[in-house]
$ cat coords27.cif   # mmCIF, C-alpha atoms and all ligand atoms
data_run
loop_
_atom_site.label_atom_id
_atom_site.label_comp_id
_atom_site.auth_asym_id
_atom_site.auth_seq_id
_atom_site.Cartn_x
_atom_site.Cartn_y
_atom_site.Cartn_z
CA MET A 1 -20.55 -101.29 112.38
CA PHE A 2 -17.71 -98.76 112.77
CA SER A 3 -15.33 -101.43 114.00
CA TYR A 4 -16.12 -103.67 111.02
CA PHE A 5 -15.29 -100.76 108.77
CA LYS A 6 -12.07 -100.10 110.63
CA ILE A 7 -11.02 -103.73 110.46
CA ALA A 8 -11.79 -103.79 106.73
CA THR A 9 -9.79 -100.60 106.21
CA LEU A 10 -6.80 -101.87 108.16
CA SER A 11 -6.88 -105.14 106.23
CA LEU A 12 -6.93 -103.25 102.96
CA VAL A 13 -3.97 -101.13 104.09
CA LEU A 14 -2.03 -104.24 105.10
CA ILE A 15 -2.77 -105.87 101.74
CA LEU A 16 -1.69 -102.75 99.84
CA VAL A 17 1.51 -102.35 101.86
CA HIS A 18 2.27 -106.02 101.44
CA SER A 19 1.75 -105.94 97.67
CA THR A 20 3.95 -102.84 97.40
CA ILE A 21 6.74 -104.58 99.28
CA GLY A 22 6.11 -107.68 97.15
CA GLN A 23 6.97 -105.79 93.97
CA GLN A 24 10.51 -105.29 95.11
CA SER A 25 11.17 -108.97 95.80
CA GLN A 26 13.45 -110.49 93.20
CA LEU A 27 11.71 -112.95 90.90
CA ILE A 28 12.43 -114.83 87.67
CA GLN A 29 9.76 -116.72 85.72
CA PHE A 30 9.75 -118.85 82.56
CA TRP A 31 6.97 -119.64 80.11
CA ASN A 32 6.53 -121.69 76.95
CA SER A 33 3.85 -119.30 75.71
CA ALA A 34 4.47 -116.12 73.72
CA ASN A 35 3.83 -112.90 75.67
CA CYS A 36 4.16 -114.94 78.89
CA VAL A 37 0.46 -115.80 78.80
CA GLY A 38 -0.86 -118.22 81.45
CA ASN A 39 1.05 -119.78 84.31
CA PRO A 40 4.86 -119.87 84.18
CA PHE A 41 6.33 -123.39 84.25
CA ALA A 42 9.02 -122.15 86.63
CA SER A 43 9.02 -119.29 89.10
CA TRP A 44 11.96 -118.62 91.40
CA THR A 45 12.88 -116.07 94.06
CA ALA A 46 16.34 -117.59 94.66
CA SER A 47 19.06 -119.41 92.70
CA ALA A 48 17.81 -122.71 91.31
CA ASN A 49 18.51 -125.55 88.87
CA TYR A 50 15.68 -126.88 86.72
CA THR A 51 16.42 -130.42 85.63
CA THR A 52 12.97 -131.95 85.22
CA PRO A 53 12.61 -133.11 81.61
CA PRO A 54 10.83 -131.07 78.93
CA PRO A 55 8.18 -129.96 77.84
CA GLY A 56 9.10 -127.04 80.11
CA LEU A 57 12.47 -126.54 78.43
CA THR A 58 11.35 -126.84 74.80
CA GLN A 59 11.87 -123.79 72.59
CA PRO A 60 10.52 -121.18 72.29
CA LEU A 61 11.04 -120.08 75.90
CA TYR A 62 10.09 -116.74 77.40
CA TYR A 63 11.04 -115.10 80.69
CA LYS A 64 10.50 -112.09 82.92
CA VAL A 65 12.90 -110.86 85.59
CA ASN A 66 12.57 -108.56 88.54
CA GLY A 67 15.95 -107.68 90.00
CA LEU A 68 19.32 -108.93 88.72
CA TRP A 69 19.72 -112.51 87.54
CA GLU A 70 22.08 -114.79 85.67
CA ILE A 71 20.45 -117.27 83.30
CA ILE A 72 22.48 -120.33 82.26
CA PRO A 73 20.94 -122.58 79.59
CA CYS A 74 22.35 -126.13 79.31
CA LEU A 75 22.31 -128.50 76.32
CA SER A 76 23.18 -131.38 78.64
CA PRO A 77 23.97 -131.45 82.36
CA THR A 78 27.64 -130.95 81.49
CA ASN A 79 27.23 -128.66 78.48
CA CYS A 80 26.07 -125.30 79.74
CA THR A 81 26.52 -122.13 77.75
CA VAL A 82 27.80 -118.70 78.60
CA PRO A 83 25.59 -117.12 81.25
CA TRP A 84 23.40 -114.15 80.46
CA ILE A 85 22.91 -111.31 82.89
CA ARG A 86 19.40 -109.87 82.85
CA SER A 87 17.82 -107.14 84.95
CA GLY A 88 14.38 -105.59 85.29
CA PHE A 89 12.25 -103.44 87.54
CA PRO A 90 10.44 -105.76 86.54
CA GLY A 91 11.45 -106.39 82.93
CA PRO A 92 9.07 -107.17 80.06
CA CYS A 93 8.28 -110.62 78.67
CA THR A 94 11.37 -111.54 76.61
CA GLN A 95 12.12 -114.51 74.40
CA LEU A 96 15.16 -116.59 75.38
CA LEU A 97 16.92 -116.41 72.03
CA PHE A 98 18.67 -119.75 71.96
CA PRO A 99 18.56 -122.25 69.08
CA TYR A 100 18.32 -125.49 71.10
CA ASN A 101 15.90 -127.24 73.42
CA LEU A 102 17.41 -127.40 76.89
CA THR A 103 18.01 -130.27 79.29
CA ASP A 104 18.84 -128.04 82.25
CA LEU A 105 18.20 -124.45 83.12
CA ARG A 106 20.16 -122.76 85.88
CA VAL A 107 19.45 -119.39 87.39
CA ARG A 108 21.49 -117.41 89.88
CA ARG A 109 19.98 -114.57 91.83
CA ILE A 110 22.50 -111.77 92.24
CA GLY A 111 22.11 -109.78 95.47
CA ASP A 112 19.58 -109.72 98.28
CA ALA A 113 15.94 -110.69 97.84
CA ASN A 114 14.57 -107.22 98.56
CA GLN A 115 17.08 -105.19 96.53
CA ASN A 116 17.93 -102.78 99.32
CA GLU A 117 20.75 -104.28 101.36
CA ARG A 118 23.54 -101.98 102.60
CA LYS A 119 26.32 -103.97 101.00
CA ILE A 120 28.51 -103.63 97.91
CA THR A 121 30.03 -106.62 96.14
CA PHE A 122 32.99 -106.50 93.72
CA PHE A 123 34.01 -109.38 91.43
CA GLU A 124 37.42 -110.13 89.96
CA LEU A 125 35.86 -110.87 86.54
CA PRO A 126 33.18 -109.17 84.38
CA ASN A 127 29.52 -110.27 84.60
CA PHE A 128 29.67 -110.92 88.37
CA GLN A 129 31.98 -113.93 87.92
CA GLY A 130 35.02 -115.19 89.78
CA GLN A 131 36.07 -114.35 93.32
CA SER A 132 34.00 -111.71 95.04
CA ILE A 133 34.51 -109.41 97.98
CA SER A 134 31.67 -107.72 99.86
CA VAL A 135 31.80 -104.67 102.08
CA VAL A 136 29.24 -103.53 104.67
CA PRO A 137 29.28 -100.21 106.59
CA PRO A 138 31.26 -98.48 107.82
CA GLU A 139 34.42 -99.37 105.81
CA THR A 140 36.94 -102.07 104.98
CA ASN A 141 40.64 -102.01 104.09
CA PHE A 142 42.13 -104.89 102.16
CA SER A 143 45.10 -105.64 99.96
CA SER A 144 44.60 -103.92 96.63
CA ARG A 145 42.98 -105.88 93.82
CA THR A 146 41.29 -105.23 90.49
CA ALA A 147 37.53 -105.63 90.23
CA GLN A 148 35.86 -105.97 86.83
CA SER A 149 32.22 -105.88 87.92
CA TYR A 150 30.25 -104.76 90.94
CA TYR A 151 26.75 -104.24 92.23
CA PHE A 152 24.97 -102.73 95.21
CA THR A 153 21.30 -102.30 96.04
CA GLY A 154 19.04 -99.67 97.55
CA LEU A 155 19.36 -95.93 98.12
CA ASN A 156 23.00 -96.27 99.07
CA SER A 157 26.31 -94.84 97.91
CA TRP A 158 29.86 -96.14 98.27
CA VAL A 159 33.37 -94.73 97.97
CA TYR A 160 36.38 -96.74 96.93
CA LYS A 161 40.11 -96.02 96.68
CA SER A 162 43.05 -98.12 95.51
CA SER A 163 44.46 -97.88 99.07
CA PRO A 164 43.27 -96.29 102.33
CA ASP A 165 45.85 -93.51 102.01
CA ASN A 166 45.22 -92.59 98.38
CA PHE A 167 43.64 -89.14 98.16
CA ILE A 168 41.84 -89.98 94.91
CA SER A 169 38.49 -91.62 95.55
CA VAL A 170 35.56 -92.67 93.39
CA CYS A 171 31.92 -92.41 94.43
CA TYR A 172 29.28 -94.85 93.25
CA ASN A 173 25.89 -93.24 93.85
CA TYR A 174 22.61 -95.06 93.34
CA SER A 175 21.10 -94.77 89.85
CA LEU A 176 18.14 -92.64 88.87
CA ASP A 177 15.99 -95.78 88.45
CA VAL A 178 16.82 -96.80 92.02
CA LYS A 179 16.05 -93.28 93.19
CA ASN A 180 12.61 -93.41 91.56
CA ALA A 181 11.72 -96.89 92.77
CA GLY A 182 13.27 -96.61 96.23
CA TYR A 183 15.05 -99.95 95.69
CA GLY A 184 16.92 -101.87 93.00
CA PHE A 185 20.39 -102.42 91.59
CA THR A 186 23.15 -100.02 90.64
CA TYR A 187 25.84 -102.00 88.88
CA SER A 188 28.36 -102.47 86.12
CA GLU A 189 29.00 -105.83 84.44
CA ALA A 190 32.24 -104.50 82.94
CA THR A 191 34.48 -101.99 84.68
CA ILE A 192 38.02 -101.67 85.96
CA ALA A 193 38.31 -100.60 89.58
CA ASN A 194 41.44 -100.85 91.73
CA ILE A 195 40.11 -101.34 95.21
CA GLY A 196 42.01 -101.40 98.50
CA TYR A 197 39.57 -99.40 100.58
CA VAL A 198 35.76 -99.19 100.47
CA LYS A 199 33.58 -96.94 102.62
CA TYR A 200 29.81 -96.61 102.95
CA GLY A 201 28.44 -93.22 101.81
CA CYS A 202 29.88 -90.55 99.49
CA ASP A 203 30.27 -86.89 100.35
CA VAL A 204 28.17 -84.76 98.01
CA GLN A 205 31.29 -82.93 96.74
CA GLN A 206 32.84 -86.10 95.38
CA SER A 207 32.66 -86.92 91.70
CA THR A 208 29.91 -89.37 91.00
CA THR A 209 29.72 -92.41 88.79
CA THR A 210 26.44 -94.21 88.46
CA ARG A 211 25.26 -96.91 86.19
CA LYS A 212 21.74 -97.49 85.01
CA PRO A 213 20.39 -101.04 85.11
CA GLY A 214 20.82 -103.04 81.90
CA SER A 215 18.94 -102.46 78.70
CA SER A 216 16.62 -105.42 79.19
CA GLY A 217 15.16 -103.71 82.24
CA GLY A 218 11.79 -102.11 81.62
CA GLY A 219 10.71 -98.78 83.01
CA ILE A 220 9.59 -98.32 86.55
CA VAL A 221 6.21 -99.94 87.02
CA GLY A 222 3.99 -98.30 89.58
CA PRO A 223 4.43 -95.12 91.55
CA ASN A 224 7.33 -94.07 93.71
CA ASN A 225 7.11 -96.09 96.94
CA ALA A 226 7.19 -93.06 99.24
CA VAL A 227 4.28 -91.45 97.39
CA TYR A 228 2.41 -94.72 97.50
CA TYR A 229 2.91 -95.19 101.24
CA ALA A 230 1.87 -91.58 101.90
CA PHE A 231 -1.27 -92.11 99.84
CA ILE A 232 -2.14 -95.30 101.74
CA LEU A 233 -1.54 -93.59 105.08
CA VAL A 234 -3.73 -90.57 104.23
CA PHE A 235 -6.43 -92.89 102.88
CA ALA A 236 -6.32 -94.95 106.09
CA LEU A 237 -6.52 -91.87 108.31
CA ILE A 238 -9.51 -90.51 106.39
CA CYS A 239 -11.29 -93.87 106.55
CA LEU A 240 -10.62 -94.32 110.26
CA LYS A 241 -11.88 -90.83 111.07
CA TYR A 242 -15.32 -91.46 109.56
C1 LIG A 301 23.20 -125.74 90.23
O1 LIG A 301 24.15 -126.61 89.65
C2 LIG A 301 25.48 -126.08 89.59
C3 LIG A 301 26.36 -127.05 88.84
O2 LIG A 301 26.23 -128.35 89.36
C4 LIG A 301 25.97 -125.82 91.01
O3 LIG A 301 27.24 -125.24 90.98
C5 LIG A 301 25.00 -124.88 91.71
O4 LIG A 301 25.39 -124.71 93.07
C6 LIG A 301 23.58 -125.42 91.67
N1 LIG A 301 22.70 -124.42 92.23
C7 LIG A 301 21.68 -124.73 93.04
C8 LIG A 301 20.86 -123.60 93.54
O5 LIG A 301 21.42 -125.88 93.35
C1 LIG A 302 27.49 -128.68 73.46
O1 LIG A 302 26.39 -128.84 72.58
C2 LIG A 302 26.56 -128.23 71.31
C3 LIG A 302 25.26 -128.36 70.50
O2 LIG A 302 24.82 -129.70 70.47
C4 LIG A 302 27.74 -128.89 70.58
O3 LIG A 302 27.95 -128.25 69.34
C5 LIG A 302 28.98 -128.76 71.45
O4 LIG A 302 30.04 -129.45 70.84
C6 LIG A 302 28.73 -129.31 72.85
N1 LIG A 302 29.87 -129.05 73.67
C7 LIG A 302 30.40 -129.98 74.45
C8 LIG A 302 31.59 -129.56 75.26
O5 LIG A 302 29.96 -131.11 74.54
C1 LIG A 303 12.39 -129.01 70.48
O1 LIG A 303 11.50 -130.03 70.88
C2 LIG A 303 10.27 -129.99 70.17
C3 LIG A 303 9.34 -131.02 70.81
O2 LIG A 303 10.00 -132.25 70.97
C4 LIG A 303 10.52 -130.24 68.69
O3 LIG A 303 9.29 -130.18 67.96
C5 LIG A 303 11.46 -129.16 68.17
O4 LIG A 303 11.80 -129.44 66.83
C6 LIG A 303 12.73 -129.11 69.00
N1 LIG A 303 13.51 -127.94 68.59
C7 LIG A 303 14.81 -127.98 68.43
C8 LIG A 303 15.46 -126.69 68.03
O5 LIG A 303 15.48 -128.99 68.58
C1 LIG A 304 41.78 -98.36 107.15
O1 LIG A 304 43.05 -97.72 106.99
C2 LIG A 304 43.02 -96.35 107.36
C3 LIG A 304 44.37 -95.74 106.98
O2 LIG A 304 45.41 -96.62 107.21
C4 LIG A 304 42.74 -96.24 108.87
O3 LIG A 304 42.68 -94.89 109.23
C5 LIG A 304 41.40 -96.91 109.15
O4 LIG A 304 41.16 -96.92 110.54
C6 LIG A 304 41.39 -98.33 108.62
N1 LIG A 304 40.04 -98.85 108.77
C7 LIG A 304 39.80 -100.08 109.22
C8 LIG A 304 38.36 -100.48 109.32
O5 LIG A 304 40.68 -100.85 109.51
C1 LIG A 305 23.21 -89.25 95.04
O1 LIG A 305 22.01 -89.05 94.33
C2 LIG A 305 21.01 -88.36 95.07
C3 LIG A 305 19.76 -88.31 94.24
O2 LIG A 305 20.01 -87.97 92.92
C4 LIG A 305 21.51 -86.97 95.42
O3 LIG A 305 20.55 -86.30 96.21
C5 LIG A 305 22.80 -87.10 96.21
O4 LIG A 305 23.35 -85.82 96.46
C6 LIG A 305 23.80 -87.92 95.42
N1 LIG A 305 24.99 -88.12 96.23
C7 LIG A 305 26.21 -87.88 95.76
C8 LIG A 305 27.32 -88.12 96.70
O5 LIG A 305 26.41 -87.50 94.61
#
$ encode --input "coords27.cif" --output "structure tokens" --more "lines below"
Ligand SMILES: *[C@@H]1O[C@H](CO)[C@@H](O)[C@H](O)[C@H]1NC(C)=O
Ligand SMILES: *[C@@H]1O[C@H](CO)[C@@H](O)[C@H](O)[C@H]1NC(C)=O
Ligand SMILES: *[C@@H]1O[C@H](CO)[C@@H](O)[C@H](O)[C@H]1NC(C)=O
Ligand SMILES: *[C@@H]1O[C@H](CO)[C@@H](O)[C@H](O)[C@H]1NC(C)=O
Ligand SMILES: *[C@@H]1O[C@H](CO)[C@@H](O)[C@H](O)[C@H]1NC(C)=O
Amino acid sequence: MFSYFKIATLSLVLILVHSTIGQQSQLIQFWNSANCVGNPFASWTASANYTTPPPGLTQPLYYKVNGLWEIIPCLSPTNCTVPWIRSGFPGPCTQLLFPYNLTDLRVRRIGDANQNERKITFFELPNFQGQSISVVPPETNFSSRTAQSYYFTGLNSWVYKSSPDNFISVCYNYSLDVKNAGYGFTYSEATIANIGYVKYGCDVQQSTTTRKPGSSGGGIVGPNNAVYYAFILVFALICLKY
């Protein structure tokens, strides 16, 4: 009887931990129904191209994003429009405000699936476009270049300088939203950064620049992960004791 109870408790804990981790997986979903009611007609965790004919792509279209995504609507396979960058933690149900029915829908997932990789990526152009360069710990030197957008994930911070010997450095610390969630994106779709040296981790004395996720991102849904894990652990210990 006790062992049944213990097995049930452990299963519950595993399910809870799994669903908590699941929340932080990047996801993008599309619906034809207002308020995203019912099943989405498309649901992706990685970059994808939807080319199957309508009805899926008939306006009005609605979407939800968790993480950082680029949405590219196409009027024909060769007539795609300017991409839109959307972020959420997860974000609310939003209408894709576009006046045409689509033939193709492309999505690009930006960054790692779990939004906590120790890596920073800079792009030569705004909106995470053009050539990119990624840095992992501890540090990288390279010939100086101008970056116009960047992102990194997780509870991480990064320092960059225009050259390894420059004494002026800039710190990118994780955003408050990332702090609260324990994961997520800190980014800028439009910046000017001269980078020739990038190092993992800022010193606390350094000046700090952070960027909150985009306006389409909703608030944090659910409790702080650390609090949640602590709660699950205490609950499990109490259950296993009796
Ligand atoms: C989607 O199609 C575009 C254009 O053909 C291509 O560049 C991209 O790699 C495709 N993405 C996927 C995930 O197939
Ligand atoms: C793309 O489609 C739009 C709307 O039908 C049209 O106005 C535009 O000329 C098209 N562009 C190209 C390059 O075919
Ligand atoms: C989109 O397709 C639907 C169904 O075929 C049609 O009723 C509607 O008028 C179309 N909308 C536009 C903007 O072309
Ligand atoms: C980067 O350059 C600095 C200064 O020249 C040097 O001290 C450091 O070791 C270099 N780091 C790497 C990873 O090459
Ligand atoms: C980054 O943010 C965290 C949480 O707000 C803070 O504790 C830490 O000191 C910050 N680091 C730097 C280098 O500003």
$ residues_near_ligand --input "coords27.cif" --ligand "ligand LIG 301 (chain A)" --cutoff "7 Å" --atoms "all atoms listed in the file" --output "NGL selection string"
:A and (47-49 or 106)
$ atom_distance --input "coords27.cif" --atom1 "atom CA of Gly196 of chain A" --atom2 "atom O2 of ligand LIG 304 (chain A)"
10.5 Å
$ atom_distance --input "coords27.cif" --atom1 "atom CA of Lys161 of chain A" --atom2 "atom CA of Val198 of chain A"
6.6 Å
$ atom_distance --input "coords27.cif" --atom1 "atom CA of Gly88 of chain A" --atom2 "atom CA of Thr103 of chain A"
25.7 Å
$ residues_around --input "coords27.cif" --residues "Tyr187 of chain A" --least-positions-apart "3" --cutoff "12 Å" --atoms "only C-alpha atoms" --output "PyMOL selection string"
chain A and resi 67-68+85-87+110-111+120-123+126-128+148-154+157-158+172-175+177-178+184+190-191+209-214
$ residues_near_ligand --input "coords27.cif" --ligand "ligand LIG 303 (chain A)" --cutoff "6 Å" --atoms "all atoms listed in the file" --output "PDB file with C-alpha atoms, in the frame of the given file"
ATOM      1  CA  THR A  58      11.350-126.840  74.800  1.00  0.00           C
ATOM      2  CA  GLN A  59      11.870-123.790  72.590  1.00  0.00           C
ATOM      3  CA  PRO A  99      18.560-122.250  69.080  1.00  0.00           C
ATOM      4  CA  TYR A 100      18.320-125.490  71.100  1.00  0.00           C
ATOM      5  CA  ASN A 101      15.900-127.240  73.420  1.00  0.00           C
TER       6      ASN A 101
END
$ residues_around --input "coords27.cif" --residues "Ala42 of chain A" --least-positions-apart "4" --cutoff "9 Å" --atoms "all atoms listed in the file" --output "PDB file with C-alpha atoms, keeping the file's coordinate frame"
ATOM      1  CA  ILE A  28      12.430-114.830  87.670  1.00  0.00           C
ATOM      2  CA  GLN A  29       9.760-116.720  85.720  1.00  0.00           C
ATOM      3  CA  PHE A  30       9.750-118.850  82.560  1.00  0.00           C
ATOM      4  CA  TRP A  31       6.970-119.640  80.110  1.00  0.00           C
ATOM      5  CA  TYR A  50      15.680-126.880  86.720  1.00  0.00           C
ATOM      6  CA  GLY A  56       9.100-127.040  80.110  1.00  0.00           C
TER       7      GLY A  56
END
